[in-house]
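J.: work-v8.tsv (TSV, C-alpha atoms) pasted underneath:
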chain	number	residue	atom	x	y	z
A	22	MET	CA	-7.31	1.39	-15.17
A	23	SER	CA	-9.79	4.09	-15.94
A	24	GLU	CA	-12.11	6.35	-14.03
A	25	SER	CA	-14.88	3.79	-14.56
A	26	ASP	CA	-12.66	0.90	-13.38
A	27	PRO	CA	-10.38	2.18	-10.59
A	28	ILE	CA	-7.87	0.00	-8.76
A	29	LYS	CA	-9.08	-1.04	-5.31
A	30	LEU	CA	-6.21	-0.69	-2.88
A	31	TYR	CA	-5.66	-1.22	0.80
A	32	VAL	CA	-2.93	0.48	2.85
A	33	THR	CA	-1.88	-1.06	6.16
A	34	HIS	CA	-2.98	0.87	9.22
A	35	SER	CA	-3.68	0.50	12.92
A	36	PHE	CA	-6.93	2.46	12.87
A	37	GLN	CA	-5.20	5.80	12.63
A	38	GLN	CA	-4.02	7.84	9.66
A	39	SER	CA	-0.26	7.94	10.11
A	40	VAL	CA	1.91	10.38	8.20
A	41	ASP	CA	3.03	7.65	5.78
A	42	TYR	CA	-0.55	6.44	5.33
A	43	LEU	CA	-1.61	9.93	4.24
A	44	ARG	CA	1.54	10.31	2.13
A	45	VAL	CA	0.55	7.31	-0.05
A	46	PHE	CA	-2.64	9.08	-1.10
A	47	GLU	CA	-0.86	12.41	-1.53
A	48	PHE	CA	1.53	10.71	-3.95
A	49	LEU	CA	-1.27	8.92	-5.82
A	50	GLU	CA	-3.33	12.11	-6.11
A	51	SER	CA	-0.39	13.78	-7.83
A	52	MET	CA	-0.53	11.17	-10.63
A	53	GLU	CA	-2.49	12.27	-13.65
A	54	SER	CA	-5.10	9.75	-14.87
A	55	PHE	CA	-4.54	7.28	-12.03
A	56	PHE	CA	-7.82	6.20	-10.48
A	57	TYR	CA	-8.24	4.20	-7.31
A	58	ILE	CA	-10.63	3.37	-4.51
A	59	ASN	CA	-9.27	3.26	-0.97
A	60	CYS	CA	-10.58	0.12	0.75
A	61	SER	CA	-8.74	0.81	4.00
A	62	LYS	CA	-10.83	2.49	6.66
A	63	PRO	CA	-8.62	3.60	9.57
A	64	GLU	CA	-11.28	6.01	10.79
A	65	THR	CA	-13.79	3.23	11.53
A	66	ILE	CA	-12.37	1.41	14.55
A	67	PRO	CA	-14.90	-1.04	15.99
A	68	SER	CA	-16.51	0.35	19.15
A	69	GLY	CA	-16.84	-3.01	20.87
A	70	GLY	CA	-15.63	-6.57	20.63
A	71	GLY	CA	-11.97	-5.98	21.40
A	72	MET	CA	-9.17	-7.41	19.27
A	73	GLU	CA	-11.46	-9.94	17.57
A	74	ALA	CA	-13.67	-7.13	16.23
A	75	ILE	CA	-10.58	-5.21	15.09
A	76	LYS	CA	-9.24	-8.25	13.22
A	77	GLU	CA	-12.65	-8.92	11.64
A	78	SER	CA	-12.82	-5.32	10.42
A	79	LEU	CA	-9.34	-5.57	8.89
A	80	ILE	CA	-10.26	-8.85	7.17
A	81	GLU	CA	-13.36	-7.24	5.61
A	82	GLN	CA	-11.35	-4.24	4.38
A	83	ILE	CA	-8.60	-6.39	2.84
A	84	LYS	CA	-11.06	-8.74	1.11
A	85	GLU	CA	-12.44	-5.76	-0.88
A	86	CYS	CA	-9.10	-4.76	-2.42
A	87	GLU	CA	-7.04	-5.84	-5.41
A	88	ALA	CA	-3.62	-5.04	-3.89
A	89	VAL	CA	-2.18	-4.21	-0.47
A	90	ILE	CA	0.41	-1.54	0.24
A	91	VAL	CA	2.46	-2.46	3.28
A	92	LEU	CA	4.11	0.53	4.92
A	93	ALA	CA	7.50	-0.43	6.34
A	94	SER	CA	7.09	2.25	9.00
A	95	GLN	CA	3.80	0.62	10.02
A	96	TYR	CA	5.52	-2.78	10.11
A	97	ILE	CA	8.23	-1.40	12.40
A	98	ASP	CA	5.85	0.48	14.73
A	99	GLU	CA	2.91	-1.97	14.84
A	100	ASN	CA	4.56	-5.27	13.96
A	101	ASP	CA	1.92	-7.71	15.20
A	102	LEU	CA	-1.05	-5.92	13.64
A	103	THR	CA	0.79	-5.33	10.35
A	104	ARG	CA	1.88	-8.97	10.14
A	105	PHE	CA	-1.75	-9.95	10.74
A	106	GLN	CA	-2.81	-7.75	7.81
A	107	MET	CA	-0.12	-9.37	5.65
A	108	ASP	CA	-1.32	-12.84	6.71
A	109	VAL	CA	-4.88	-11.89	5.69
A	110	ALA	CA	-3.62	-10.58	2.34
A	111	GLU	CA	-1.73	-13.82	1.69
A	112	ALA	CA	-4.72	-15.96	2.73
A	113	ASN	CA	-6.91	-14.01	0.29
A	114	GLU	CA	-4.26	-14.05	-2.48
A	115	LYS	CA	-3.88	-10.27	-2.53
A	116	PRO	CA	-0.52	-9.09	-3.91
A	117	MET	CA	1.50	-6.96	-1.50
A	118	ILE	CA	3.71	-3.98	-2.26
A	119	GLY	CA	6.13	-2.83	0.42
A	120	ILE	CA	7.15	0.83	0.61
A	121	ARG	CA	10.45	1.61	2.32
A	122	PRO	CA	10.50	3.93	5.35
A	123	PHE	CA	10.29	7.52	4.17
A	124	GLY	CA	13.57	9.43	4.15
A	125	GLY	CA	15.86	6.41	3.79
A	126	VAL	CA	17.25	6.67	7.34
A	127	VAL	CA	15.83	3.32	8.49
A	128	LYS	CA	15.89	0.14	6.41
A	129	SER	CA	12.89	-2.10	5.84
A	130	PRO	CA	12.93	-5.29	7.90
A	131	GLN	CA	14.08	-8.30	5.87
A	132	GLU	CA	10.95	-10.27	6.83
A	133	LEU	CA	8.79	-7.62	5.16
A	134	ILE	CA	10.99	-7.58	2.03
A	135	ASP	CA	10.76	-11.38	1.79
A	136	ARG	CA	6.95	-11.40	1.97
A	137	VAL	CA	6.00	-8.68	-0.52
A	138	SER	CA	5.81	-9.00	-4.32
A	139	GLU	CA	7.58	-5.66	-4.79
A	140	HIS	CA	9.59	-3.46	-2.44
A	141	ILE	CA	9.62	0.12	-3.72
A	142	GLU	CA	10.73	3.68	-3.00
A	143	TRP	CA	8.59	6.73	-2.27
A	144	LYS	CA	8.04	7.86	-5.87
A	145	GLU	CA	4.56	8.54	-7.18
A	146	ARG	CA	5.18	6.84	-10.53
A	147	GLU	CA	6.74	3.83	-8.86
A	148	ILE	CA	3.77	3.44	-6.52
A	149	ALA	CA	1.19	3.80	-9.33
A	150	ASP	CA	3.10	1.49	-11.69
A	151	SER	CA	3.55	-1.13	-8.98
A	152	LEU	CA	-0.18	-1.04	-8.22
A	153	SER	CA	-0.96	-1.50	-11.94
A	154	ARG	CA	1.43	-4.46	-12.17
A	155	GLN	CA	0.26	-6.18	-8.99
A	156	ALA	CA	-3.48	-5.44	-9.06
A	157	ARG	CA	-4.10	-5.73	-12.81
A	158	LEU	CA	-1.00	-7.51	-14.12
A	159	THR	CA	-0.40	-4.65	-16.54
A	160	ASP	CA	2.93	-3.02	-17.19
A	161	THR	CA	3.03	0.64	-18.07
A	162	ALA	CA	6.28	0.29	-20.04
A	163	ARG	CA	7.16	3.83	-19.01
A	164	TRP	CA	10.68	5.04	-19.20
A	165	GLU	CA	12.27	7.72	-17.08
A	166	THR	CA	13.24	10.75	-19.13
A	167	ILE	CA	16.43	12.49	-18.17
A	168	GLU	CA	17.05	15.96	-19.51
A	169	PHE	CA	20.63	16.93	-20.24
A	170	THR	CA	21.71	20.47	-20.87
A	171	LEU	CA	24.79	21.34	-22.78
A	172	ASP	CA	26.68	24.32	-21.52
Let's see the structure in the file written out as structure tokens.

T.:
Amino acid sequence: MSESDPIKLYVTHSFQQSVDYLRVFEFLESMESFFYINCSKPETIPSGGGMEAIKESLIEQIKECEAVIVLASQYIDENDLTRFQMDVAEANEKPMIGIRPFGGVVKSPQELIDRVSEHIEWKEREIADSLSRQARLTDTARWETIEFTLD
């Protein structure tokens, strides 16, 4: 992906910017030469129409993206709404990437793990590489470099 052809991504939300929601973009912003468009719009909750309007808004947001990031913390806290977003992603053939709960204290629910294409850790390279694989079917073929010092 390039600046002229950014990846369109959607991050699960319940019409609020949770700490993990914001953390995804903080991690992606730290990646050099990784360009994306955020299709999720948690700040634009429908003013009327109740749950049907909320679901319609989520459907519209998900249809715009190339890949969906499912936050395990969101799945745990807002299970019904997050499962709905996953159902919409599946119905629209959008690949899903699950990110474990931050800090490693709580495990991701098995149902979430079973439904996503990839289940990853909170690492900026892992998030960016997973988005490239799932949204564009491209592999970065990057290797981790480990520095050893001899004393």

J.: Which residue gives the smallest distance to Lys128 (chain A) among A:Leu152, A:Ile58, A:Met72, A:Ala93, with all atoms listed in the file counted?

T.: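 Using all atoms listed in the file, the shortest distance to Lys128 (chain A) belongs to A:Ala93.
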
J.: Between A:Asn59, A:Thr65, A:Thr33, A:Gln38, which one has atoms that come closest to Ile90 (chain A), using only C-alpha atoms?

T.: A:Thr33

J.: Just want the 9 Å neighbourhood of region 95-109 of chain A, counted on all atoms listed in the file, with same-chain residues fewer than 6 positions away dropped. Output as a ChimeraX atom specification.

T.: /A:33-35,39,41-42,76,79-80,83-84,89,115,117,122,129-130,133,136-137

J.: Check the smallest atom-to-atom distance from each of A:Ile120, A:Val45, A:Cys86, A:Val40 to Ser61 (chain A) using all atoms listed in the file, then report the winner.

T.: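 Comparing A:Ile120, A:Val45, A:Cys86, A:Val40 against Ser61 (chain A), the winner is A:Cys86.
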
J.: List as a count of residues only the protein and nucleic acid residues near Trp143 (chain A), meaning an atom at most 7 Å away when only C-alpha atoms are counted, but skip any in the same chain fewer than 2 places from it.

T.: 4

J.: Would you work out the distance separating CA of Asn113 (chain A) from CA of Cys60 (chain A), expressed in Å to one decimal?

T.: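 Here the two named atoms are 14.6 Å from each other.
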
J.: Using all atoms listed in the file, which residues sit within 8 Å of Glu139 (chain A) once same-chain residues fewer than 3 positions away are excluded, as JSON, numbers by chain?

T.: {"A": [117, 118, 119, 134, 151]}

J.: Edge lengths and centre in Å to one decimal, as JSON, of the axis-aligned box that encloses all listed atoms of region 127-134 of chain A with 5 Å added on every side?

T.:
{"center_x": 12.3, "center_y": -3.5, "center_z": 5.3, "size_x": 17.1, "size_y": 23.6, "size_z": 16.5}

J.: Work out how far CA of Arg157 (chain A) is from CA of Ser23 (chain A), in Å to one decimal.

T.: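 Interatomic distance, CA of Ser23 (chain A) to CA of Arg157 (chain A): 11.8 Å.
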
J.: Can you work out the spacing between CA of Ala74 (chain A) and CA of Pro27 (chain A) in Å, to one decimal?

T.: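 The value is 28.6 Å.
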
J.: Determine the nearest neighbour of Ala88 (chain A) from the options A:Thr170, A:Ala149, A:Phe36, A:Gln131, counting all atoms listed in the file.

T.: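 Between A:Thr170, A:Ala149, A:Phe36, A:Gln131, the residue approaching Ala88 (chain A) most closely is A:Ala149.
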
J.: A:Lys29, A:Arg121, A:Arg146, A:Arg154: which is nearest Phe48 (chain A), counting only C-alpha atoms?

T.: A:Arg146

J.: Under the rule that all atoms listed in the file are counted, which of A:Glu168, A:Glu73, A:Glu111, A:Glu50 is the nearest residue to Glu87 (chain A)?

T.: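 Of A:Glu168, A:Glu73, A:Glu111, A:Glu50, the one nearest Glu87 (chain A) is A:Glu111, counting all atoms listed in the file.
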